[in-house]
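> Contents of upload20.txt (compact mmCIF, C-alpha atoms) are below:
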```txt
# COMPACT_ATOMS: atom_id res chain seq x y z
CA MET A 1 -20.58 100.51 181.97
CA GLY A 2 -19.14 103.82 180.75
CA MET A 3 -20.60 107.24 181.25
CA THR A 4 -23.10 108.86 178.91
CA SER A 5 -21.83 111.81 176.93
CA SER A 6 -23.79 114.16 179.19
CA GLN A 7 -22.20 112.69 182.30
CA ARG A 8 -18.76 112.73 180.68
CA LEU A 9 -19.00 116.40 179.76
CA GLN A 10 -20.42 117.37 183.14
CA GLU A 11 -17.45 115.77 184.88
CA THR A 12 -15.06 117.44 182.46
CA LEU A 13 -16.59 120.89 182.90
CA SER A 14 -16.40 120.37 186.67
CA HIS A 15 -12.64 119.83 186.31
CA ARG A 16 -12.79 116.18 187.26
CA GLU A 17 -11.61 113.20 185.26
CA PRO A 18 -14.47 111.25 183.63
CA ASP A 19 -14.09 107.79 182.09
CA ARG A 20 -12.32 109.25 179.03
CA VAL A 21 -11.55 112.53 177.32
CA PRO A 22 -14.71 113.78 175.57
CA TYR A 23 -14.39 114.71 171.91
CA VAL A 24 -16.34 116.39 169.14
CA ILE A 25 -15.77 115.85 165.42
CA SER A 26 -17.21 119.13 164.07
CA ALA A 27 -17.97 117.86 160.58
CA ALA A 28 -21.27 119.70 160.15
CA MET A 29 -21.18 119.63 156.34
CA HIS A 30 -20.11 116.02 155.84
CA PRO A 31 -23.59 114.47 156.16
CA ALA A 32 -24.57 116.26 152.93
CA ARG A 33 -22.20 113.99 151.01
CA GLU A 34 -23.58 110.91 152.77
CA MET A 35 -27.12 111.94 151.77
CA GLY A 36 -26.15 112.81 148.18
CA LEU A 37 -27.14 116.45 148.65
CA THR A 38 -25.49 119.76 147.91
CA ILE A 39 -24.58 121.76 150.99
CA LYS A 40 -27.35 124.24 150.17
CA ALA A 41 -29.95 121.50 149.82
CA TYR A 42 -28.76 119.77 152.99
CA PHE A 43 -29.14 122.87 155.12
CA SER A 44 -32.49 123.79 153.54
CA ARG A 45 -34.50 121.33 155.69
CA PRO A 46 -34.29 121.02 159.48
CA GLN A 47 -34.89 117.27 159.24
CA ASN A 48 -31.76 116.90 157.11
CA VAL A 49 -29.73 118.48 159.90
CA VAL A 50 -31.33 116.21 162.49
CA ASP A 51 -30.56 113.14 160.39
CA GLY A 52 -27.04 114.43 159.77
CA GLN A 53 -26.30 114.92 163.46
CA VAL A 54 -27.59 111.43 164.23
CA TRP A 55 -25.32 110.08 161.49
CA LEU A 56 -22.33 111.99 162.89
CA HIS A 57 -23.06 110.62 166.35
CA LYS A 58 -23.25 107.03 165.13
CA LYS A 59 -20.29 107.37 162.76
CA PHE A 60 -17.81 109.18 164.99
CA GLY A 61 -19.24 108.96 168.52
CA ASN A 62 -19.46 112.73 169.12
CA ASP A 63 -19.99 113.67 172.76
CA MET A 64 -21.90 116.81 171.79
CA LEU A 65 -24.23 117.51 168.87
CA CYS A 66 -25.11 120.81 167.20
CA CYS A 67 -27.95 121.85 164.88
CA TYR A 68 -26.55 125.29 164.06
CA PRO A 69 -25.85 125.13 160.30
CA PHE A 70 -23.44 128.00 159.51
CA ALA A 71 -22.51 131.49 160.70
CA ALA A 72 -24.12 133.23 157.71
CA LEU A 73 -27.46 132.10 159.17
CA GLU A 74 -27.19 135.23 161.32
CA ILE A 75 -27.36 137.46 158.25
CA LEU A 76 -30.32 135.48 156.89
CA ALA A 77 -32.08 136.17 160.17
CA TRP A 78 -31.57 139.91 159.67
CA GLY A 79 -32.98 139.82 156.15
CA GLY A 80 -29.69 139.46 154.32
CA GLU A 81 -28.33 136.82 151.97
CA ALA A 82 -26.05 133.79 152.19
CA ILE A 83 -23.68 132.76 149.40
CA TYR A 84 -23.42 128.98 148.99
CA PHE A 85 -20.45 126.93 147.80
CA ASP A 86 -20.10 123.30 146.73
CA GLN A 87 -17.07 122.52 148.91
CA GLY A 88 -17.37 124.87 151.88
CA PRO A 89 -19.64 126.68 154.29
CA PRO A 90 -21.93 129.45 153.10
CA ASN A 91 -20.63 132.99 153.51
CA ALA A 92 -22.55 136.11 154.44
CA GLY A 93 -23.74 138.15 151.47
CA PRO A 94 -23.67 141.96 151.13
CA PRO A 95 -23.74 143.95 154.39
CA ILE A 96 -27.17 144.73 155.76
CA ILE A 97 -25.79 147.96 157.27
CA LYS A 98 -24.66 149.97 154.27
CA LYS A 99 -23.94 153.21 156.10
CA PRO A 100 -23.63 154.01 159.82
CA GLU A 101 -26.91 155.93 159.89
CA ASP A 102 -28.76 152.71 159.04
CA ILE A 103 -28.20 151.70 162.68
CA PHE A 104 -30.75 154.33 163.76
CA PHE A 105 -33.46 152.28 162.05
CA LEU A 106 -32.17 148.78 162.83
CA GLU A 107 -34.41 146.47 164.82
CA PRO A 108 -33.48 142.98 166.08
CA PRO A 109 -35.19 139.99 164.44
CA GLU A 110 -38.08 138.46 166.37
CA VAL A 111 -36.57 135.06 167.11
CA LYS A 112 -39.80 133.13 167.43
CA LYS A 113 -41.18 134.53 164.17
CA ASN A 114 -38.03 134.36 162.06
CA PRO A 115 -38.04 131.52 159.46
CA ALA A 116 -34.24 131.12 159.40
CA LEU A 117 -34.03 130.79 163.18
CA GLN A 118 -37.16 128.68 163.46
CA GLY A 119 -35.52 126.02 161.32
CA VAL A 120 -32.70 125.69 163.87
CA LEU A 121 -35.13 125.54 166.79
CA GLU A 122 -37.13 122.86 164.99
CA ALA A 123 -33.97 120.84 164.40
CA ILE A 124 -32.87 121.14 168.06
CA ALA A 125 -36.27 119.98 169.28
CA GLY A 126 -36.30 117.10 166.79
CA LEU A 127 -32.81 115.96 167.74
CA LYS A 128 -33.58 116.28 171.45
CA ALA A 129 -36.56 113.95 170.99
CA ILE A 130 -34.15 111.35 169.60
CA VAL A 131 -31.12 111.61 171.91
CA GLY A 132 -32.93 112.59 175.11
CA GLY A 133 -30.63 113.47 177.97
CA ASP A 134 -27.78 111.11 177.10
CA THR A 135 -26.08 113.35 174.55
CA PRO A 136 -26.07 117.14 174.97
CA ILE A 137 -26.91 119.53 172.14
CA ALA A 138 -25.02 122.82 171.79
CA GLY A 139 -26.76 126.05 170.95
CA VAL A 140 -24.75 128.72 169.12
CA ILE A 141 -24.85 132.50 168.90
CA VAL A 142 -22.50 134.96 167.25
CA SER A 143 -21.63 137.51 169.90
CA PRO A 144 -22.91 141.10 169.73
CA PHE A 145 -19.25 142.18 169.57
CA SER A 146 -18.42 140.02 166.52
CA LEU A 147 -21.76 140.14 164.68
CA PRO A 148 -21.08 143.63 163.21
CA ILE A 149 -18.24 142.14 161.16
CA MET A 150 -20.91 140.33 159.14
CA GLN A 151 -23.53 143.06 159.43
CA MET A 152 -21.39 145.84 157.96
CA GLY A 153 -17.94 144.49 157.05
CA PHE A 154 -14.78 144.58 159.15
CA GLU A 155 -13.34 147.86 157.85
CA ALA A 156 -16.65 149.68 158.28
CA TYR A 157 -16.97 148.22 161.78
CA LEU A 158 -13.54 149.54 162.77
CA ASP A 159 -14.49 152.95 161.38
CA LEU A 160 -17.66 152.86 163.47
CA ILE A 161 -15.72 152.00 166.63
CA TYR A 162 -13.37 154.96 166.27
CA GLU A 163 -15.61 157.52 164.58
CA ARG A 164 -19.16 156.90 165.85
CA PRO A 165 -19.05 155.44 169.38
CA ASP A 166 -22.65 156.59 169.87
CA LEU A 167 -23.86 154.38 167.02
CA LEU A 168 -21.55 151.59 168.16
CA GLU A 169 -23.23 151.53 171.58
CA ARG A 170 -26.65 151.42 169.92
CA LEU A 171 -25.60 148.55 167.64
CA LEU A 172 -24.12 146.54 170.51
CA GLY A 173 -27.33 147.08 172.47
CA ILE A 174 -29.54 145.91 169.59
CA ASN A 175 -27.32 142.88 169.02
CA THR A 176 -27.35 142.06 172.72
CA GLU A 177 -31.16 141.96 172.76
CA TYR A 178 -31.13 139.66 169.76
CA CYS A 179 -28.34 137.36 170.96
CA THR A 180 -29.82 136.79 174.42
CA ALA A 181 -33.26 136.03 172.97
CA TRP A 182 -31.69 133.70 170.39
CA ALA A 183 -29.61 131.87 172.98
CA ASN A 184 -32.52 131.36 175.37
CA ALA A 185 -34.78 130.15 172.56
CA GLN A 186 -32.24 127.44 171.73
CA LEU A 187 -32.04 126.41 175.38
CA GLU A 188 -35.83 126.23 175.55
CA ALA A 189 -35.85 124.06 172.42
CA GLY A 190 -33.54 121.51 174.03
CA ALA A 191 -29.95 122.78 173.86
CA ALA A 192 -27.90 121.99 176.97
CA ALA A 193 -25.49 124.93 176.72
CA VAL A 194 -24.58 127.80 174.42
CA MET A 195 -21.44 128.42 172.38
CA TYR A 196 -20.71 132.16 172.21
CA SER A 197 -18.86 132.61 168.92
CA ASP A 198 -16.66 135.67 169.33
CA PRO A 199 -13.60 135.87 167.07
CA ALA A 200 -13.29 139.58 167.87
CA PHE A 201 -12.56 138.71 171.51
CA SER A 202 -9.20 137.32 170.39
CA PRO A 203 -6.25 139.75 170.48
CA ALA A 204 -5.37 138.35 167.06
CA ILE A 205 -8.43 140.22 165.71
CA MET A 206 -9.05 143.19 168.00
CA SER A 207 -6.74 145.22 170.20
CA ARG A 208 -6.74 144.40 173.89
CA ASP A 209 -8.02 147.90 174.67
CA LEU A 210 -11.10 147.41 172.47
CA ILE A 211 -11.72 143.97 173.95
CA LEU A 212 -11.63 145.45 177.46
CA GLN A 213 -13.74 148.46 176.50
CA TYR A 214 -16.43 146.68 174.49
CA GLY A 215 -15.95 142.91 174.29
CA VAL A 216 -15.81 142.18 178.02
CA PRO A 217 -18.78 144.34 179.15
CA THR A 218 -20.88 142.97 176.29
CA ALA A 219 -20.05 139.37 177.23
CA VAL A 220 -20.82 139.98 180.91
CA ASN A 221 -24.18 141.51 179.99
CA VAL A 222 -25.15 138.67 177.66
CA ILE A 223 -24.02 135.85 179.96
CA SER A 224 -25.95 137.32 182.87
CA ARG A 225 -29.13 137.02 180.79
CA ILE A 226 -28.61 133.59 179.27
CA LYS A 227 -30.38 130.82 181.20
CA GLY A 228 -27.63 128.24 180.87
CA SER A 229 -23.89 127.64 180.69
CA VAL A 230 -21.89 129.49 178.04
CA MET A 231 -18.50 128.76 176.45
CA ILE A 232 -16.60 131.21 174.25
CA HIS A 233 -15.27 130.11 170.87
CA MET A 234 -12.86 132.44 169.09
CA ALA A 235 -12.81 130.49 165.78
CA SER A 236 -9.10 129.53 165.92
CA GLY A 237 -8.10 132.92 167.37
CA LYS A 238 -5.58 132.99 170.22
CA GLY A 239 -7.04 133.33 173.70
CA LEU A 240 -4.16 132.97 176.16
CA PRO A 241 -3.69 136.74 176.62
CA VAL A 242 -7.35 137.16 177.67
CA VAL A 243 -7.86 134.08 179.87
CA ASP A 244 -8.44 136.21 182.96
CA GLU A 245 -11.04 138.33 181.19
CA ILE A 246 -12.80 135.23 179.83
CA SER A 247 -12.93 133.69 183.29
CA ARG A 248 -14.21 136.85 184.99
CA ALA A 249 -16.91 137.29 182.35
CA GLY A 250 -18.53 134.06 183.49
CA PHE A 251 -17.71 131.60 180.72
CA VAL A 252 -17.30 127.94 181.70
CA ALA A 253 -15.04 126.96 178.79
CA MET A 254 -13.04 128.44 175.93
CA SER A 255 -11.67 127.33 172.58
CA ALA A 256 -7.99 126.48 172.20
CA SER A 257 -6.16 127.69 169.11
CA ALA A 258 -3.77 125.42 167.23
CA GLU A 259 -1.34 128.35 167.23
CA GLU A 260 -1.00 128.37 171.01
CA ASP A 261 0.95 126.28 173.49
CA LEU A 262 -1.81 124.01 174.78
CA GLY A 263 0.13 123.19 177.93
CA ALA A 264 0.55 126.87 178.79
CA LEU A 265 -3.12 127.47 178.11
CA LYS A 266 -4.07 124.56 180.36
CA ASP A 267 -1.92 125.97 183.16
CA ALA A 268 -3.63 129.36 182.82
CA CYS A 269 -7.13 127.84 182.77
CA ARG A 270 -6.71 125.06 185.33
CA GLY A 271 -9.68 124.89 187.67
CA ARG A 272 -11.31 127.92 186.05
CA LEU A 273 -12.07 127.19 182.41
CA ALA A 274 -12.38 123.98 180.44
CA LEU A 275 -10.62 123.89 177.07
CA VAL A 276 -12.02 122.77 173.71
CA GLY A 277 -9.54 122.13 170.90
CA ASN A 278 -6.98 122.33 169.48
CA LEU A 279 -6.46 120.12 166.39
CA ASN A 280 -5.60 122.12 163.26
CA ALA A 281 -8.64 121.75 161.03
CA LEU A 282 -6.89 123.13 157.95
CA ASP A 283 -3.90 120.77 158.16
CA MET A 284 -6.06 117.77 159.08
CA ARG A 285 -6.71 116.86 155.45
CA TYR A 286 -3.08 115.78 154.99
CA TRP A 287 -2.46 113.89 158.23
CA THR A 288 -1.20 110.33 158.18
CA ALA A 289 -2.31 107.78 160.78
CA GLY A 290 0.99 108.23 162.58
CA GLU A 291 0.63 112.01 162.68
CA ILE A 292 -2.92 111.70 164.01
CA GLU A 293 -1.78 109.49 166.89
CA SER A 294 1.11 111.79 167.71
CA LYS A 295 -0.96 114.98 167.68
CA ILE A 296 -3.80 113.52 169.74
CA LYS A 297 -1.49 112.02 172.33
CA LYS A 298 0.31 115.32 172.66
CA ALA A 299 -2.94 117.25 173.11
CA ILE A 300 -4.23 114.81 175.72
CA ALA A 301 -0.93 114.81 177.59
CA GLN A 302 -0.88 118.60 177.71
CA ALA A 303 -4.52 119.30 178.57
CA GLY A 304 -6.17 116.05 179.67
CA PRO A 305 -4.86 115.50 183.23
CA GLY A 306 -7.37 116.63 185.84
CA GLY A 307 -10.24 116.87 183.36
CA GLY A 308 -11.33 120.16 181.88
CA PHE A 309 -10.49 119.20 178.29
CA VAL A 310 -12.65 118.36 175.28
CA LEU A 311 -10.68 117.30 172.23
CA SER A 312 -11.90 118.88 169.01
CA ASP A 313 -10.65 120.95 166.11
CA ASN A 314 -9.47 124.51 166.71
CA HIS A 315 -12.02 126.28 164.53
CA GLY A 316 -15.34 124.61 165.28
CA GLU A 317 -15.83 123.51 161.69
CA ILE A 318 -13.89 120.80 159.86
CA PRO A 319 -13.46 121.56 156.13
CA PHE A 320 -15.62 119.55 153.76
CA PRO A 321 -12.64 117.98 151.88
CA VAL A 322 -11.26 116.27 155.02
CA ASP A 323 -11.73 112.55 154.39
CA GLU A 324 -14.00 110.55 156.68
CA ASP A 325 -11.25 107.98 157.21
CA ILE A 326 -9.13 110.68 158.85
CA LEU A 327 -12.04 111.65 161.10
CA LEU A 328 -12.65 108.03 162.03
CA THR A 329 -8.99 107.61 162.91
CA ILE A 330 -9.14 110.71 165.10
CA ALA A 331 -12.18 109.33 166.95
CA GLU A 332 -10.62 105.89 167.40
CA THR A 333 -7.34 107.38 168.60
CA VAL A 334 -8.87 109.61 171.26
CA ARG A 335 -10.95 106.68 172.51
CA ARG A 336 -7.78 104.60 172.75
CA TRP A 337 -5.47 107.12 174.41
CA GLY A 338 -8.05 109.23 176.24
CA GLN A 339 -9.09 106.62 178.82
CA TYR A 340 -8.67 107.86 182.39
CA PRO A 341 -6.49 107.49 184.33
CA LEU A 342 -3.91 108.68 181.80
CA ASP A 343 -1.21 106.39 183.15
CA TRP A 344 0.79 106.41 179.93
CA ILE A 345 1.74 110.08 180.25
CA GLY A 346 5.35 110.39 181.30
CA PHE A 347 6.10 106.80 180.38
CA ASP A 348 5.38 106.99 176.71
CA GLU A 349 7.66 108.72 174.20
CA MET A 350 5.85 111.70 172.74
```
Render the structure in this file as structure tokens.

Amino acid sequence: MGMTSSQRLQETLSHREPDRVPYVISAAMHPAREMGLTIKAYFSRPQNVVDGQVWLHKKFGNDMLCCYPFAALEILAWGGEAIYFDQGPPNAGPPIIKKPEDIFFLEPPEVKKNPALQGVLEAIAGLKAIVGGDTPIAGVIVSPFSLPIMQMGFEAYLDLIYERPDLLERLLGINTEYCTAWANAQLEAGAAAVMYSDPAFSPAIMSRDLILQYGVPTAVNVISRIKGSVMIHMASGKGLPVVDEISRAGFVAMSASAEEDLGALKDACRGRLALVGNLNALDMRYWTAGEIESKIKKAIAQAGPGGGFVLSDNHGEIPFPVDEDILLTIAETVRRWGQYPLDWIGFDEM
């Protein structure tokens, strides 16, 4: 008998080889089509999300589930708006911080009284009642360091960093209070671990100096207060240049960008950080069966030996137009080639 998903991921995160490479098909929006709902209608009820995650688990065999609907939820929680689309994830509406001085009056949402957040907690608890301990559920927070991009816009955030460091420190402190409370509430509801979404931690987004000055201390502070394991996800951003900083901050895993050499990233992370990735979610729509097999075998060969690798897409969200047949082929291929021991590596033409 094979391992449960929880056992499989535990072995992987411990840098040991489980029965096979774990995988996650991050098709959070796809259940809406199966249910005949618009994306807005699908995400409007926690039970829809529960049913959708159960469907994803049965359809694709995901080793981890997630009830977090979309990143713009964070702006809803702060009293802002989300803009919905028929074929993609909702985006954050107008900034809630319209001028820097607004930060003086900003207060973090009360997690346990906030309707937008309560829907996620309800979904986590409902899903946990169904899957029990066999399949872990991921909680998600947007980091205090990246959240201002949605709260005030990227350009205004950069201006704040360079022109008003006093207000920046206040904003990071407010966001830290919110993010830690939000993470721990999800863990209490039944999540097994927390994904710390932090695109700004990638040198592709922020300078290394700013990451060291603000991103690293913020992450250390938040992780020390979260009552569970935390992985960092940089939303397809490159992470190889900051592997040491990610490891020292206390993360157990990190995302792997499709734009990086996965083998080099594995070498840098070996024994310290598990990797999650790195299939190109944007290109996935056009892959043939042969390309799928080739890409998955290459990823497994580069990052699978010794454990510490979860195969997934590079962004954490597979676009709505990607056909289910492609996703099924991905799942079937990783189950075929991801069985440990990976004896075919070195003997099979890549």
> How many Å separate atom CA of Asn114 of chain A from atom CA of Ile97 of chain A?
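Those two atoms sit 18.9 Å apart.
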> Place a sphere of radius 12 Å on (-34.3, 122.4, 156.5) in the file coordinates and name every protein, DNA or RNA residue with an atom inside or on its surface, counting all atoms listed in the file; give the answer as a short mmCIF file (atom, residue, chain, number, x, y, z; two decimals) with C-alpha atoms, in the coordinates of the input.

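Output below, filename out-v6.cif:
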```
data_model
loop_
_atom_site.label_atom_id
_atom_site.label_comp_id
_atom_site.auth_asym_id
_atom_site.auth_seq_id
_atom_site.Cartn_x
_atom_site.Cartn_y
_atom_site.Cartn_z
CA ILE A 39 -24.58 121.76 150.99
CA LYS A 40 -27.35 124.24 150.17
CA ALA A 41 -29.95 121.50 149.82
CA TYR A 42 -28.76 119.77 152.99
CA PHE A 43 -29.14 122.87 155.12
CA SER A 44 -32.49 123.79 153.54
CA ARG A 45 -34.50 121.33 155.69
CA PRO A 46 -34.29 121.02 159.48
CA GLN A 47 -34.89 117.27 159.24
CA ASN A 48 -31.76 116.90 157.11
CA VAL A 49 -29.73 118.48 159.90
CA VAL A 50 -31.33 116.21 162.49
CA ASP A 51 -30.56 113.14 160.39
CA GLY A 52 -27.04 114.43 159.77
CA CYS A 67 -27.95 121.85 164.88
CA TYR A 68 -26.55 125.29 164.06
CA PRO A 69 -25.85 125.13 160.30
CA PRO A 115 -38.04 131.52 159.46
CA ALA A 116 -34.24 131.12 159.40
CA LEU A 117 -34.03 130.79 163.18
CA GLN A 118 -37.16 128.68 163.46
CA GLY A 119 -35.52 126.02 161.32
CA VAL A 120 -32.70 125.69 163.87
CA LEU A 121 -35.13 125.54 166.79
CA GLU A 122 -37.13 122.86 164.99
CA ALA A 123 -33.97 120.84 164.40
CA ILE A 124 -32.87 121.14 168.06
CA GLY A 126 -36.30 117.10 166.79
#
```
> Would you kindly return, as number ranges by chain, each protein, DNA or RNA residue with an atom no farther than 10 Å from any atom of segment 286-297 of chain A, considering all atoms listed in the file and excluding same-chain residues fewer than 4 positions away?
A: 278-280, 282, 301-302, 304, 311-312, 322-323, 325-327, 329-334, 336-338, 344-345, 348-350
> Find the distance between atom CA of Leu172 of chain A and atom CA of Ser146 of chain A and write it in Å to one decimal.
9.5 Å
> Counting only C-alpha atoms, I want the residues whose atoms come within 10 Å of (-18.3, 139.1, 163.4) in the file frame, returned as a PyMOL selection string.
chain A and resi 71+74+142-154+157+197-201
> Between atom CA of Ala303 of chain A and atom CA of Arg16 of chain A, what is the spacing in Å?
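If I compute the distance from atom CA of Arg16 of chain A to atom CA of Ala303 of chain A, I get 12.4 Å.
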> Residues within 9 Å of Val24 of chain A, please, as a list in words. Count all atoms listed in the file; anything in the same chain fewer than 2 positions from it doesn't count.
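The residues satisfying every condition are Pro22, Ser26, Ala27, Phe60, Gly61, Asn62, Asp63, Met64, Leu65, Val276, Val310, Leu311, Ser312, Asp313 and Ala331 of chain A.
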> Select, from A:Gly79, A:Pro108, A:Gly306, A:Gly228, the residue with the minimum atom-to-atom distance to Pro94 of chain A, counting all atoms listed in the file.
A:Gly79
> For Ser257 of chain A, which residue among A:Val243, A:Met234, A:Cys179, A:Leu210 is the nearest when counting all atoms listed in the file?
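Going through A:Val243, A:Met234, A:Cys179, A:Leu210 one by one, the smallest distance to Ser257 of chain A is for A:Met234.
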> Find the residues around Val111 of chain A up to 9 Å (all atoms listed in the file counted), leave out those fewer than 6 positions away in its own chain, and share them as a list of chain:residue names.
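Near neighbours after the sequence-gap exclusion: A:Ala77, A:Leu117, A:Gln118, A:Tyr178, A:Ala181, A:Trp182, A:Ala185.
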> Using all atoms listed in the file, pick whichever of A:Pro109, A:Pro203, A:Gly277, A:Gly139 has the shortest atom-to-atom distance to Tyr23 of chain A.
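Checking each candidate against Tyr23 of chain A, we get A:Gly277 as the closest.
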